[in-house]
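Peer 1: upload02.pdb (PDB, C-alpha atoms) pasted underneath:
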ATOM      1  CA  MET Q   1      19.748 -10.077   2.734  1.00  0.00           C
ATOM      2  CA  TYR Q   2      17.103 -11.249   0.274  1.00  0.00           C
ATOM      3  CA  LYS Q   3      14.415  -8.809  -0.865  1.00  0.00           C
ATOM      4  CA  ILE Q   4      11.280  -9.391  -2.918  1.00  0.00           C
ATOM      5  CA  SER Q   5       8.386  -7.207  -4.002  1.00  0.00           C
ATOM      6  CA  LYS Q   6       4.867  -7.579  -5.326  1.00  0.00           C
ATOM      7  CA  GLN Q   7       2.587  -4.990  -6.889  1.00  0.00           C
ATOM      8  CA  PHE Q   8      -1.131  -4.444  -6.469  1.00  0.00           C
ATOM      9  CA  SER Q   9      -3.404  -1.772  -7.907  1.00  0.00           C
ATOM     10  CA  PHE Q  10      -6.664  -0.054  -7.113  1.00  0.00           C
ATOM     11  CA  SER Q  11      -8.662   3.018  -8.083  1.00  0.00           C
ATOM     12  CA  ALA Q  12     -10.078   5.417  -5.517  1.00  0.00           C
ATOM     13  CA  SER Q  13     -10.965   9.030  -4.837  1.00  0.00           C
ATOM     14  CA  HIS Q  14      -9.867  11.350  -2.073  1.00  0.00           C
ATOM     15  CA  ILE Q  15      -9.919  14.976  -0.992  1.00  0.00           C
ATOM     16  CA  LEU Q  16      -6.938  16.604   0.664  1.00  0.00           C
ATOM     17  CA  ASP Q  17      -9.074  19.293   2.267  1.00  0.00           C
ATOM     18  CA  MET Q  18      -6.304  20.469   4.577  1.00  0.00           C
ATOM     19  CA  LEU Q  19      -4.766  22.195   1.541  1.00  0.00           C
ATOM     20  CA  GLY Q  20      -5.839  25.668   0.479  1.00  0.00           C
ATOM     21  CA  ALA Q  21      -9.004  25.989  -1.597  1.00  0.00           C
ATOM     22  CA  ASP Q  22      -6.904  27.006  -4.606  1.00  0.00           C
ATOM     23  CA  HIS Q  23      -4.911  23.733  -4.511  1.00  0.00           C
ATOM     24  CA  PRO Q  24      -6.207  21.195  -7.066  1.00  0.00           C
ATOM     25  CA  CYS Q  25      -5.917  18.323  -4.574  1.00  0.00           C
ATOM     26  CA  ALA Q  26      -8.332  20.091  -2.231  1.00  0.00           C
ATOM     27  CA  ARG Q  27     -11.095  19.138  -4.665  1.00  0.00           C
ATOM     28  CA  MET Q  28     -12.365  15.573  -4.955  1.00  0.00           C
ATOM     29  CA  HIS Q  29     -10.242  13.663  -7.444  1.00  0.00           C
ATOM     30  CA  GLY Q  30      -9.081  10.124  -8.051  1.00  0.00           C
ATOM     31  CA  HIS Q  31      -6.023   8.064  -8.844  1.00  0.00           C
ATOM     32  CA  ASN Q  32      -5.175   4.668 -10.205  1.00  0.00           C
ATOM     33  CA  TYR Q  33      -2.890   3.676  -7.349  1.00  0.00           C
ATOM     34  CA  LEU Q  34      -0.012   1.232  -7.636  1.00  0.00           C
ATOM     35  CA  ILE Q  35       0.999  -0.393  -4.352  1.00  0.00           C
ATOM     36  CA  THR Q  36       4.313  -2.234  -4.032  1.00  0.00           C
ATOM     37  CA  VAL Q  37       5.010  -4.267  -0.921  1.00  0.00           C
ATOM     38  CA  TYR Q  38       8.608  -5.145  -0.093  1.00  0.00           C
ATOM     39  CA  LEU Q  39       9.641  -8.140   1.974  1.00  0.00           C
ATOM     40  CA  GLN Q  40      13.093  -9.101   3.203  1.00  0.00           C
ATOM     41  CA  SER Q  41      14.780 -11.909   5.046  1.00  0.00           C
ATOM     42  CA  GLU Q  42      18.310 -12.939   5.823  1.00  0.00           C
ATOM     43  CA  GLN Q  43      17.367 -16.571   5.244  1.00  0.00           C
ATOM     44  CA  LEU Q  44      15.201 -18.390   2.738  1.00  0.00           C
ATOM     45  CA  ASP Q  45      12.527 -20.855   3.786  1.00  0.00           C
ATOM     46  CA  CYS Q  46      12.730 -24.570   2.975  1.00  0.00           C
ATOM     47  CA  TYR Q  47      11.372 -23.875  -0.540  1.00  0.00           C
ATOM     48  CA  GLY Q  48      13.990 -21.223  -1.292  1.00  0.00           C
ATOM     49  CA  PHE Q  49      11.599 -18.261  -0.820  1.00  0.00           C
ATOM     50  CA  VAL Q  50      11.623 -15.116   1.263  1.00  0.00           C
ATOM     51  CA  LYS Q  51       7.851 -15.624   1.152  1.00  0.00           C
ATOM     52  CA  ASP Q  52       5.651 -17.492  -1.300  1.00  0.00           C
ATOM     53  CA  TYR Q  53       3.904 -14.818  -3.402  1.00  0.00           C
ATOM     54  CA  ASN Q  54       0.734 -16.870  -2.955  1.00  0.00           C
ATOM     55  CA  ASP Q  55       0.881 -16.005   0.754  1.00  0.00           C
ATOM     56  CA  LEU Q  56       0.334 -12.336  -0.153  1.00  0.00           C
ATOM     57  CA  LYS Q  57      -3.251 -12.934  -1.300  1.00  0.00           C
ATOM     58  CA  PRO Q  58      -4.616 -11.369   1.925  1.00  0.00           C
ATOM     59  CA  ILE Q  59      -3.099  -8.041   0.839  1.00  0.00           C
ATOM     60  CA  LYS Q  60      -4.876  -8.238  -2.520  1.00  0.00           C
ATOM     61  CA  ARG Q  61      -8.136  -9.170  -0.835  1.00  0.00           C
ATOM     62  CA  PHE Q  62      -7.800  -6.279   1.630  1.00  0.00           C
ATOM     63  CA  ILE Q  63      -7.051  -3.792  -1.156  1.00  0.00           C
ATOM     64  CA  ASP Q  64      -9.950  -5.054  -3.268  1.00  0.00           C
ATOM     65  CA  GLU Q  65     -12.441  -5.060  -0.399  1.00  0.00           C
ATOM     66  CA  THR Q  66     -11.306  -2.000   1.574  1.00  0.00           C
ATOM     67  CA  LEU Q  67      -9.664   0.468  -0.828  1.00  0.00           C
ATOM     68  CA  ASP Q  68     -10.690  -0.238  -4.413  1.00  0.00           C
ATOM     69  CA  HIS Q  69     -13.377   2.106  -5.764  1.00  0.00           C
ATOM     70  CA  ARG Q  70     -13.755   3.783  -2.376  1.00  0.00           C
ATOM     71  CA  HIS Q  71     -13.526   7.348  -1.164  1.00  0.00           C
ATOM     72  CA  LEU Q  72     -10.325   7.115   0.873  1.00  0.00           C
ATOM     73  CA  ASN Q  73     -11.352   9.884   3.275  1.00  0.00           C
ATOM     74  CA  ASP Q  74     -13.874   7.344   4.615  1.00  0.00           C
ATOM     75  CA  VAL Q  75     -11.207   4.635   5.058  1.00  0.00           C
ATOM     76  CA  ILE Q  76      -7.808   6.132   5.942  1.00  0.00           C
ATOM     77  CA  PRO Q  77      -7.445   7.820   9.344  1.00  0.00           C
ATOM     78  CA  ASN Q  78      -6.222  11.418   9.115  1.00  0.00           C
ATOM     79  CA  HIS Q  79      -5.464  12.696   5.622  1.00  0.00           C
ATOM     80  CA  PRO Q  80      -5.413  10.036   2.853  1.00  0.00           C
ATOM     81  CA  THR Q  81      -2.078  11.108   1.377  1.00  0.00           C
ATOM     82  CA  SER Q  82       0.199   8.577  -0.298  1.00  0.00           C
ATOM     83  CA  GLU Q  83       2.348   8.650   2.817  1.00  0.00           C
ATOM     84  CA  ASN Q  84      -0.565   7.811   5.108  1.00  0.00           C
ATOM     85  CA  ILE Q  85      -1.895   5.140   2.746  1.00  0.00           C
ATOM     86  CA  ALA Q  86       1.527   3.445   2.736  1.00  0.00           C
ATOM     87  CA  ARG Q  87       1.702   3.503   6.545  1.00  0.00           C
ATOM     88  CA  PHE Q  88      -1.918   2.279   6.816  1.00  0.00           C
ATOM     89  CA  ILE Q  89      -1.199  -0.780   4.648  1.00  0.00           C
ATOM     90  CA  PHE Q  90       2.120  -1.471   6.369  1.00  0.00           C
ATOM     91  CA  GLU Q  91       0.604  -1.351   9.854  1.00  0.00           C
ATOM     92  CA  ARG Q  92      -2.320  -3.536   8.784  1.00  0.00           C
ATOM     93  CA  PHE Q  93      -0.029  -6.365   7.582  1.00  0.00           C
ATOM     94  CA  LYS Q  94       3.252  -6.171   9.547  1.00  0.00           C
ATOM     95  CA  ALA Q  95       2.103  -8.553  12.300  1.00  0.00           C
ATOM     96  CA  GLU Q  96       0.700 -11.041   9.783  1.00  0.00           C
ATOM     97  CA  ILE Q  97       3.685 -10.828   7.408  1.00  0.00           C
ATOM     98  CA  PRO Q  98       6.801 -10.239   9.531  1.00  0.00           C
ATOM     99  CA  GLU Q  99       9.030 -10.153   6.438  1.00  0.00           C
ATOM    100  CA  LEU Q 100       7.253  -6.947   5.325  1.00  0.00           C
ATOM    101  CA  CYS Q 101       9.790  -4.124   5.392  1.00  0.00           C
ATOM    102  CA  ALA Q 102       8.238  -1.361   3.272  1.00  0.00           C
ATOM    103  CA  VAL Q 103       5.174  -0.281   1.330  1.00  0.00           C
ATOM    104  CA  GLU Q 104       5.368   2.002  -1.695  1.00  0.00           C
ATOM    105  CA  VAL Q 105       2.381   3.960  -2.991  1.00  0.00           C
ATOM    106  CA  SER Q 106       2.316   5.577  -6.404  1.00  0.00           C
ATOM    107  CA  GLU Q 107      -0.480   7.921  -7.472  1.00  0.00           C
ATOM    108  CA  THR Q 108       0.982   8.645 -10.896  1.00  0.00           C
ATOM    109  CA  PRO Q 109       3.691   7.086 -13.060  1.00  0.00           C
ATOM    110  CA  LYS Q 110       6.078   9.831 -11.932  1.00  0.00           C
ATOM    111  CA  THR Q 111       5.371  10.021  -8.193  1.00  0.00           C
ATOM    112  CA  SER Q 112       5.660   7.615  -5.297  1.00  0.00           C
ATOM    113  CA  CYS Q 113       6.411   7.427  -1.611  1.00  0.00           C
ATOM    114  CA  ILE Q 114       7.815   4.602   0.484  1.00  0.00           C
ATOM    115  CA  TYR Q 115       6.998   3.901   4.117  1.00  0.00           C
ATOM    116  CA  ALA Q 116       9.799   1.836   5.666  1.00  0.00           C
ATOM    117  CA  PRO Q 117      10.011   2.211   9.451  1.00  0.00           C
TER     118      PRO Q 117
END
Let me see whether you can do it: turn the structure in this file into structure tokens.
Peer 2:
Amino acid sequence: MYKISKQFSFSASHILDMLGADHPCARMHGHNYLITVYLQSEQLDCYGFVKDYNDLKPIKRFIDETLDHRHLNDVIPNHPTSENIARFIFERFKAEIPELCAVEVSETPKTSCIYAP
């Protein structure tokens, strides 16, 4: 199995208002998110790639146009947690990029979650 990854970044705000009022994430705050998409394939294409990284430009465009400098509560269905953001991105691109196997979202250098159905 061959696996590749590519990282993207964006900045956005959110409110996790389902948390108690004393929780800091219940207030509006922002993150500089790092998104890593993972692709895998048992075979390489005729160029020797799992997928040409150039073919991942639609993900960058989507992140730039839909998520960057946005209030994620207005974009992500349900609560805009890292977990839900990862699933949102995965579900948006799985049909278009069948090699996609996981999406990782990091809000801070020390935290991340991976959605890999």
Peer 1: In terms of the shortest atom-to-atom distance over only C-alpha atoms, which of Q:Tyr47, Q:Phe10, Q:Tyr53, Q:Tyr2 is closest to Leu34 of chain Q?
Peer 2: Q:Phe10
Peer 1: Just the number, please: distance in Å from atom CA of Ala102 of chain Q to atom CA of Gln7 of chain Q, one decimal.
Peer 2: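 These atoms are spaced 12.2 Å apart.
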Peer 1: Between atom CA of Ala12 of chain Q and atom CA of Leu100 of chain Q, what distance in Å does the model show, to one decimal?
Peer 2: 23.9 Å
Peer 1: Written as a list of chain:residue names, what is the full residue list that the PyMOL selection byres ((chain Q and resi 91-99) around 10) yields on the file shown?
Peer 2: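 Matching residues under the PyMOL selection byres ((chain Q and resi 91-99) around 10) are Q:Lys3, Q:Ile4, Q:Tyr38, Q:Leu39, Q:Gln40, Q:Ser41, Q:Glu42, Q:Val50, Q:Lys51, Q:Asp55, Q:Leu56, Q:Pro58, Q:Ile59, Q:Phe62, Q:Ile85, Q:Ala86, Q:Arg87, Q:Phe88, Q:Ile89, Q:Phe90, Q:Leu100, Q:Cys101, Q:Ala102, Q:Val103.
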Peer 1: Name every residue that the PyMOL selection byres ((chain Q and resi 28) around 10) selects in this structure, writing the answer as a PyMOL selection string with chains first and numbers rising.
Peer 2: chain Q and resi 13-17+24-27+29-30+71
Peer 1: Provide the atom CA of Arg61 of chain Q to atom CA of Asn32 of chain Q distance in Å, to one decimal place.
Peer 2: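 For atom CA of Arg61 of chain Q relative to atom CA of Asn32 of chain Q, the distance reads 17.0 Å.
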Peer 1: Restricting the calculation to all atoms listed in the file, which member of Q:Ser5, Q:Asn78, Q:Asn73, Q:Thr66 is positioned closest to Phe49 of chain Q?
Peer 2: Q:Ser5
Peer 1: Can you list, as an MDAnalysis selection string, every protein, DNA or RNA residue that comes within 10 Å of Ser106 of chain Q when you count only C-alpha atoms, leaving out same-chain residues fewer than 6 positions away?
Peer 2: chainID Q and resid 9 31:36 82:83 86 112:114
Peer 1: May I have the residues from that selection written out with C-alpha atoms, as a PDB file, in the coordinates of the input?
Peer 2:
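Contents of part_36.pdb, as written:
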ATOM      1  CA  SER Q   9      -3.404  -1.772  -7.907  1.00  0.00           C
ATOM      2  CA  HIS Q  31      -6.023   8.064  -8.844  1.00  0.00           C
ATOM      3  CA  ASN Q  32      -5.175   4.668 -10.205  1.00  0.00           C
ATOM      4  CA  TYR Q  33      -2.890   3.676  -7.349  1.00  0.00           C
ATOM      5  CA  LEU Q  34      -0.012   1.232  -7.636  1.00  0.00           C
ATOM      6  CA  ILE Q  35       0.999  -0.393  -4.352  1.00  0.00           C
ATOM      7  CA  THR Q  36       4.313  -2.234  -4.032  1.00  0.00           C
ATOM      8  CA  SER Q  82       0.199   8.577  -0.298  1.00  0.00           C
ATOM      9  CA  GLU Q  83       2.348   8.650   2.817  1.00  0.00           C
ATOM     10  CA  ALA Q  86       1.527   3.445   2.736  1.00  0.00           C
ATOM     11  CA  SER Q 112       5.660   7.615  -5.297  1.00  0.00           C
ATOM     12  CA  CYS Q 113       6.411   7.427  -1.611  1.00  0.00           C
ATOM     13  CA  ILE Q 114       7.815   4.602   0.484  1.00  0.00           C
TER      14      ILE Q 114
END
Peer 1: Between Q:His79, Q:Arg70, Q:Lys110, Q:Lys60, which is the closest to Phe8 of chain Q once you count only C-alpha atoms?
Peer 2: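 Among the listed residues, the smallest separation from Phe8 of chain Q belongs to Q:Lys60.
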Peer 1: Let me have the centre and edge lengths in Å, one decimal, of the box along x, y and z around every listed atom of segment 6-15 of chain Q with 3 Å of margin on each side, as AutoDock Vina command-line options.
Peer 2:
--center_x -3.0 --center_y 3.7 --center_z -4.5 --size_x 21.8 --size_y 28.6 --size_z 13.1
Peer 1: From the options Q:Ser11, Q:Gln43, Q:Asn54, Q:Asn84, which residue's atoms come nearest to Ala116 of chain Q, counting all atoms listed in the file?
Peer 2: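 The shortest atom-to-atom distance to Ala116 of chain Q comes from Q:Asn84.
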Peer 1: Using only C-alpha atoms, find the one residue out of Q:Asp68, Q:Gly20, Q:Lys6, Q:Met1 that sits nearest to Glu104 of chain Q.
Peer 2: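 Comparing Q:Asp68, Q:Gly20, Q:Lys6, Q:Met1 against Glu104 of chain Q, the winner is Q:Lys6.
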Peer 1: Restricting the calculation to all atoms listed in the file, which member of Q:His23, Q:Leu72, Q:Tyr115, Q:Thr81 is positioned closest to Val37 of chain Q?
Peer 2: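 Answer, going by the shortest atom-to-atom distance: Q:Tyr115.
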Peer 1: Since the input is missing atoms, can you rebuild N, CA, C and O atoms for segment 23-35 of chain Q and write them as a PDB file, keeping the file's coordinate frame?
Peer 2:
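As a result, out-v1.pdb now contains:
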ATOM      1  N   HIS Q  23      -5.742  24.904  -4.157  1.00  0.00           N
ATOM      2  CA  HIS Q  23      -4.911  23.733  -4.511  1.00  0.00           C
ATOM      3  C   HIS Q  23      -5.788  22.692  -5.205  1.00  0.00           C
ATOM      4  O   HIS Q  23      -6.869  22.368  -4.709  1.00  0.00           O
ATOM      5  N   PRO Q  24      -5.358  22.157  -6.341  1.00  0.00           N
ATOM      6  CA  PRO Q  24      -6.207  21.195  -7.066  1.00  0.00           C
ATOM      7  C   PRO Q  24      -6.536  19.933  -6.265  1.00  0.00           C
ATOM      8  O   PRO Q  24      -7.592  19.342  -6.457  1.00  0.00           O
ATOM      9  N   CYS Q  25      -5.657  19.535  -5.356  1.00  0.00           N
ATOM     10  CA  CYS Q  25      -5.917  18.323  -4.574  1.00  0.00           C
ATOM     11  C   CYS Q  25      -6.924  18.549  -3.458  1.00  0.00           C
ATOM     12  O   CYS Q  25      -7.343  17.593  -2.803  1.00  0.00           O
ATOM     13  N   ALA Q  26      -7.309  19.804  -3.234  1.00  0.00           N
ATOM     14  CA  ALA Q  26      -8.332  20.091  -2.231  1.00  0.00           C
ATOM     15  C   ALA Q  26      -9.721  19.739  -2.755  1.00  0.00           C
ATOM     16  O   ALA Q  26     -10.665  19.638  -1.982  1.00  0.00           O
ATOM     17  N   ARG Q  27      -9.829  19.573  -4.067  1.00  0.00           N
ATOM     18  CA  ARG Q  27     -11.095  19.138  -4.665  1.00  0.00           C
ATOM     19  C   ARG Q  27     -11.093  17.612  -4.755  1.00  0.00           C
ATOM     20  O   ARG Q  27     -10.037  16.972  -4.800  1.00  0.00           O
ATOM     21  N   MET Q  28     -12.284  17.026  -4.793  1.00  0.00           N
ATOM     22  CA  MET Q  28     -12.365  15.573  -4.955  1.00  0.00           C
ATOM     23  C   MET Q  28     -11.732  15.188  -6.294  1.00  0.00           C
ATOM     24  O   MET Q  28     -11.994  15.820  -7.324  1.00  0.00           O
ATOM     25  N   HIS Q  29     -10.897  14.180  -6.240  1.00  0.00           N
ATOM     26  CA  HIS Q  29     -10.242  13.663  -7.444  1.00  0.00           C
ATOM     27  C   HIS Q  29      -9.859  12.217  -7.180  1.00  0.00           C
ATOM     28  O   HIS Q  29      -9.971  11.725  -6.059  1.00  0.00           O
ATOM     29  N   GLY Q  30      -9.422  11.529  -8.212  1.00  0.00           N
ATOM     30  CA  GLY Q  30      -9.081  10.124  -8.051  1.00  0.00           C
ATOM     31  C   GLY Q  30      -7.747   9.773  -8.669  1.00  0.00           C
ATOM     32  O   GLY Q  30      -7.176  10.543  -9.433  1.00  0.00           O
ATOM     33  N   HIS Q  31      -7.287   8.592  -8.319  1.00  0.00           N
ATOM     34  CA  HIS Q  31      -6.023   8.064  -8.844  1.00  0.00           C
ATOM     35  C   HIS Q  31      -6.183   6.582  -9.120  1.00  0.00           C
ATOM     36  O   HIS Q  31      -7.007   5.901  -8.501  1.00  0.00           O
ATOM     37  N   ASN Q  32      -5.372   6.098 -10.020  1.00  0.00           N
ATOM     38  CA  ASN Q  32      -5.175   4.668 -10.205  1.00  0.00           C
ATOM     39  C   ASN Q  32      -3.882   4.354  -9.462  1.00  0.00           C
ATOM     40  O   ASN Q  32      -2.790   4.572  -9.972  1.00  0.00           O
ATOM     41  N   TYR Q  33      -4.026   3.890  -8.235  1.00  0.00           N
ATOM     42  CA  TYR Q  33      -2.890   3.676  -7.349  1.00  0.00           C
ATOM     43  C   TYR Q  33      -2.157   2.387  -7.699  1.00  0.00           C
ATOM     44  O   TYR Q  33      -2.769   1.386  -8.061  1.00  0.00           O
ATOM     45  N   LEU Q  34      -0.848   2.424  -7.546  1.00  0.00           N
ATOM     46  CA  LEU Q  34      -0.012   1.232  -7.636  1.00  0.00           C
ATOM     47  C   LEU Q  34       0.656   1.065  -6.279  1.00  0.00           C
ATOM     48  O   LEU Q  34       1.331   1.977  -5.781  1.00  0.00           O
ATOM     49  N   ILE Q  35       0.427  -0.079  -5.655  1.00  0.00           N
ATOM     50  CA  ILE Q  35       0.999  -0.393  -4.352  1.00  0.00           C
ATOM     51  C   ILE Q  35       2.071  -1.458  -4.556  1.00  0.00           C
ATOM     52  O   ILE Q  35       1.818  -2.477  -5.202  1.00  0.00           O
TER      53      ILE Q  35
END
